[in-house]
Each structure stands twice: as C-alpha cells, then as structure tokens.
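Peer 1: One structure is given below, represented as structure tokens, and several questions about it will come after.
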Amino acid sequence: MSFRKNYINNKNPIFTPPKNDKRRPSFIYFAMKKASEIDVARCELNYVIQPKDIKTGLPIKRTRRLNEHRACAMRAMVLAMIYHFNISSELVQASVEQLSDECGLSTISKTGNKSITRASRLITHFMEPMGFVTCKKIWDKVLGNYMPKMITLTPLFFMLFDVSEKKLINAKKQQLGWINKNLITQGLKPITISEAKTKAKDAQMRNLFKYRISKHAFYKKKRNAQRLIALDEKEARQKILQALVGKYSISELTKMGPSGLKKQVNISYYYLRKIATNTYPDN
C-alpha cells in the first residue's frame, strides 16, 4: 500500500517558463492569469462533457473525476500550453517533451532514460478525448517513428478558464493587425486571418521537417561513430589517419607535420567517442 502512495515522482508539478524567452502577446498573459485563478482541473466542463474515442468517435464511459495527481498535472500543463500558444495558427509551439520538462512531469530512470508518460497520457487519455485539444501525428519515413505531435487548442480549452471564443477571435484580430503592420512597413500586402493561420501552420511544419533532417543527420553521424569506436583503438586511429590524409592537401600535411597530424587524430578520436554516447538534444 505504501508503494501506491508514492508512485508519483512529482506530486506538485509547476510550469516554469523557459529562460531568456521572448515576450509573449498580451492575450497570452491575460489567459495565463485567468487559468491560474481558476481550478481548471475541477472546472464544471470536466463533469458535463462526454469524452469520445479519438479513432472511433464513440463516447467513452467515465465513472469518476480526475484523480488528484492527474489534476495537478493538468493545472501545470494548461499554463504551459497557453504560454506556447500561437494565436494565429492555434497551435502549441512546443513538443510534448518540452511541455513535460517545463511542467516538471518528466522523470529520469536510474539508467538515464527519460520518461514523459505522465504528460503524454494526460494529453492522449484525457485532454484530447474531452475535446480541449486536437493532436496531429506525422510519420517520419526517414527515422521510422513519429515526429513531435502538432497540438491545437480548441475554443473549449479556453472555456476551462472562462475565456470566450469571442475573446479568442478578438485576440486573433489584434494579432493580425500587428502582423499586417509589419508587412506594410516592409512594403508587402496585408493578409487575412485565414492566410495568417495557414502561414503560421506552414512555419510550424517547416520547423518540424528541419528537426527531422537534423535528427536524421545526428543519428547517422552517431551510428558511424559507434561503428568506428567499436573497433580496436589502434585500428580506429588508423582509419581516422587515412581519412585525414585524404582530407588535407600535400602542402597542408607538410605544414602540419607528424606531430600536428597525430594531434588531429587524437582530437578526432575523442570527438567520435563523445558523439557515440551523446543523445539528441530534442529541446
């Protein structure tokens, strides 16, 4: 029984905004203030809305309210989602992992593996079926896994802390005015709300694909490094030497000399050892 009482790592998760981040629009601060004044986990909507299965659209039977641990996670997660909300695209411009880290919901095992299960389940098993958010997953054919989810906040999400859809629309108009002011200053044509939404979503997609390409390059380099480091050290150094000889011209090798070339081999070898054990910096 004592084990069940302590199965949650962080009983009081709190959203901590990223350091040195740029100032957010006034609507974001307004919404965050509203969400911090209301207990979003015990909002009436959580009791009257019938959750639905995302795949089938069929109602999911609920027999109890959110347990306190998930309620605490939701209070922190709502603030994080608002903070990273893009008013034009309606997207949360942060991955589930980043949201989990900033809310203190991520855990690290003794072996060094990170788990974001608590945050992921809150979104997938509760917030999405309730209609507060919608999530889009994109399969990455190159890496063979899903890219970070694209999370959209629905008008229902804002009703959790008493921000009406009308207030949200006004915020979009205000944001559009700011965007168009900058466009006109640059000698460009103003855009509509629909065009601003499409443009912001396209930018998010481009960022995801940049992430995919950089991650693919990182793991390709890591696999190559691991293959080389797995060899006998003498053999590995010999291969590095061969690669360096092919990289530099004769004049450059002459100028470098035997000691300089040996130094380059040492630097390359220890650099490859570091790459072979590094993990991809997702955030």
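Every chain in the structure tokens takes a letter, A first, then B, and so on in the order presented; its residues are numbered from 1, and the ligands are numbered from 1 following the presented order.
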Mind checking which residues fall within 10 Å of region 50-53 of chain A, counting only C-alpha atoms, ignoring those fewer than 2 positions away in the same chain, and posting them as a PyMOL selection string?

Peer 2: chain A and resi 45-48+55-62+125-131

Peer 1: Just want the 10 Å neighbourhood of Met159 (chain A), counted on only C-alpha atoms, with same-chain residues fewer than 6 positions away dropped. Output as a PyMOL selection string.

Peer 2: chain A and resi 35+40+43+45+132+165

Peer 1: Residues within 8 Å of Ile14 (chain A), please, as a ChimeraX atom specification. Count only C-alpha atoms; anything in the same chain fewer than 2 positions from it doesn't count.

Peer 2: /A:12,16,76,102-104

Peer 1: Compare A:Met205, A:Ala276, A:Ile240, A:Met77 by their minimum atom-to-atom distance to Arg227 (chain A), counting only C-alpha atoms, and give me the closest one.

Peer 2: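 Checking each of A:Met205, A:Ala276, A:Ile240, A:Met77 against Arg227 (chain A), counting only C-alpha atoms, the winner is A:Ala276.
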
Peer 1: Counting only C-alpha atoms, figure out which residue out of A:Thr152, A:Thr117, A:Gln242, A:Asn266 gets nearest to His84 (chain A).

Peer 2: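 Smallest separation from His84 (chain A) among the options: A:Thr152.
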
Peer 1: Check the DSSP output for the backbone and give back, as a PyMOL selection string, the residues of region 69-118 of chain A in helix (DSSP H, G or I).

Peer 2: chain A and resi 69-83+96-102+117-118

Peer 1: Keeping only N, CA, C and O atoms, write the selected residues as a CSV table (one decimal), in the first residue's frame.

Peer 2:
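The new file result15.csv reads:
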```csv
chain,number,residue,atom,x,y,z
A,69,HIS,N,-3.5,13.5,-8.7
A,69,HIS,CA,-2.2,13.5,-9.4
A,69,HIS,C,-2.4,14.0,-10.8
A,69,HIS,O,-1.6,14.9,-11.3
A,70,ARG,N,-3.4,13.5,-11.5
A,70,ARG,CA,-3.6,14.0,-12.9
A,70,ARG,C,-4.1,15.4,-12.9
A,70,ARG,O,-3.8,16.2,-13.8
A,71,ALA,N,-4.9,15.7,-11.9
A,71,ALA,CA,-5.5,17.1,-11.8
A,71,ALA,C,-4.3,18.1,-11.6
A,71,ALA,O,-4.3,19.2,-12.2
A,72,CYS,N,-3.3,17.8,-10.8
A,72,CYS,CA,-2.2,18.6,-10.6
A,72,CYS,C,-1.4,18.8,-11.9
A,72,CYS,O,-0.9,19.9,-12.2
A,73,ALA,N,-1.2,17.7,-12.6
A,73,ALA,CA,-0.5,17.7,-13.9
A,73,ALA,C,-1.2,18.6,-14.9
A,73,ALA,O,-0.6,19.4,-15.6
A,74,MET,N,-2.6,18.5,-14.9
A,74,MET,CA,-3.4,19.3,-15.8
A,74,MET,C,-3.2,20.8,-15.5
A,74,MET,O,-3.1,21.7,-16.4
A,75,ARG,N,-3.2,21.2,-14.2
A,75,ARG,CA,-3.1,22.6,-13.9
A,75,ARG,C,-1.8,23.2,-14.4
A,75,ARG,O,-1.8,24.3,-14.9
A,76,ALA,N,-0.7,22.5,-14.3
A,76,ALA,CA,0.6,22.9,-14.8
A,76,ALA,C,0.6,22.9,-16.4
A,76,ALA,O,1.0,23.9,-17.0
A,77,MET,N,0.0,21.8,-17.0
A,77,MET,CA,0.0,21.7,-18.4
A,77,MET,C,-0.8,22.8,-19.1
A,77,MET,O,-0.4,23.2,-20.2
A,78,VAL,N,-1.9,23.1,-18.6
A,78,VAL,CA,-2.7,24.2,-19.2
A,78,VAL,C,-2.0,25.5,-19.3
A,78,VAL,O,-2.0,26.1,-20.3
A,79,LEU,N,-1.2,25.8,-18.2
A,79,LEU,CA,-0.4,27.1,-18.3
A,79,LEU,C,0.7,27.0,-19.3
A,79,LEU,O,0.9,28.0,-20.0
A,80,ALA,N,1.3,25.8,-19.4
A,80,ALA,CA,2.4,25.6,-20.4
A,80,ALA,C,1.9,25.7,-21.8
A,80,ALA,O,2.5,26.4,-22.7
A,81,MET,N,0.7,25.1,-22.1
A,81,MET,CA,0.1,25.2,-23.4
A,81,MET,C,-0.3,26.6,-23.8
A,81,MET,O,-0.1,27.0,-24.9
A,82,ILE,N,-0.8,27.4,-22.8
A,82,ILE,CA,-1.2,28.8,-23.1
A,82,ILE,C,0.1,29.6,-23.5
A,82,ILE,O,0.1,30.3,-24.4
A,83,TYR,N,1.1,29.4,-22.7
A,83,TYR,CA,2.4,30.1,-22.9
A,83,TYR,C,2.9,29.9,-24.3
A,83,TYR,O,3.4,30.9,-24.9
A,96,VAL,N,5.6,17.8,-26.8
A,96,VAL,CA,5.1,17.2,-25.6
A,96,VAL,C,6.2,17.0,-24.6
A,96,VAL,O,6.1,17.3,-23.4
A,97,GLU,N,7.4,16.7,-25.1
A,97,GLU,CA,8.6,16.6,-24.2
A,97,GLU,C,8.9,17.9,-23.6
A,97,GLU,O,9.2,17.9,-22.4
A,98,GLN,N,8.9,19.0,-24.4
A,98,GLN,CA,9.2,20.3,-23.8
A,98,GLN,C,8.2,20.7,-22.8
A,98,GLN,O,8.6,21.2,-21.7
A,99,LEU,N,6.9,20.5,-23.1
A,99,LEU,CA,5.9,20.8,-22.1
A,99,LEU,C,6.1,20.0,-20.8
A,99,LEU,O,5.9,20.5,-19.7
A,100,SER,N,6.4,18.7,-21.0
A,100,SER,CA,6.6,17.8,-19.8
A,100,SER,C,7.8,18.3,-19.0
A,100,SER,O,7.7,18.4,-17.7
A,101,ASP,N,8.9,18.7,-19.6
A,101,ASP,CA,10.0,19.2,-18.9
A,101,ASP,C,9.7,20.4,-18.1
A,101,ASP,O,10.1,20.6,-17.0
A,102,GLU,N,9.1,21.4,-18.8
A,102,GLU,CA,8.8,22.7,-18.2
A,102,GLU,C,7.8,22.6,-17.1
A,102,GLU,O,7.7,23.5,-16.2
A,117,THR,N,5.8,10.0,-19.9
A,117,THR,CA,4.5,9.3,-19.9
A,117,THR,C,3.4,10.0,-19.2
A,117,THR,O,2.2,10.0,-19.7
A,118,ARG,N,3.7,10.6,-18.1
A,118,ARG,CA,2.6,11.3,-17.3
A,118,ARG,C,2.0,12.5,-18.1
A,118,ARG,O,0.8,12.6,-18.2
```

Peer 1: Neighbours of Ala200 (chain A) within 7 Å (only C-alpha atoms; same-chain residues fewer than 4 positions away dropped), as JSON, numbers by chain?

Peer 2: {"A": [88, 89, 196, 204]}

Peer 1: Could the residues in this selection be saved with N, CA, C and O atoms as a tab-separated table (two decimals), in the first residue's frame?

Peer 2:
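Listed below is the output, selection31.tsv:
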```tsv
chain	number	residue	atom	x	y	z
A	88	SER	N	-2.32	32.92	-34.05
A	88	SER	CA	-2.71	32.85	-35.47
A	88	SER	C	-3.00	31.42	-35.92
A	88	SER	O	-4.01	31.15	-36.58
A	89	SER	N	-2.11	30.49	-35.58
A	89	SER	CA	-2.26	29.11	-36.05
A	89	SER	C	-3.08	28.23	-35.13
A	89	SER	O	-3.50	27.14	-35.52
A	196	ALA	N	-3.12	34.11	-42.36
A	196	ALA	CA	-2.18	34.15	-41.23
A	196	ALA	C	-2.11	32.78	-40.55
A	196	ALA	O	-1.03	32.32	-40.16
A	204	GLN	N	5.33	26.13	-38.79
A	204	GLN	CA	5.48	25.05	-37.81
A	204	GLN	C	5.90	23.76	-38.50
A	204	GLN	O	6.76	23.02	-38.02
```

Peer 1: Between CA of Pro17 (chain A) and CA of Phe30 (chain A), what is the distance in Å, rounded to a tenth?

Peer 2: 15.4 Å

Peer 1: Let me make sure I understand: among A:Ala225, A:Leu122, A:Ile193, A:Leu253, which one has the smallest atom-to-atom distance to Leu66 (chain A) if we use only C-alpha atoms?

Peer 2: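 The shortest atom-to-atom distance to Leu66 (chain A) comes from A:Leu122.
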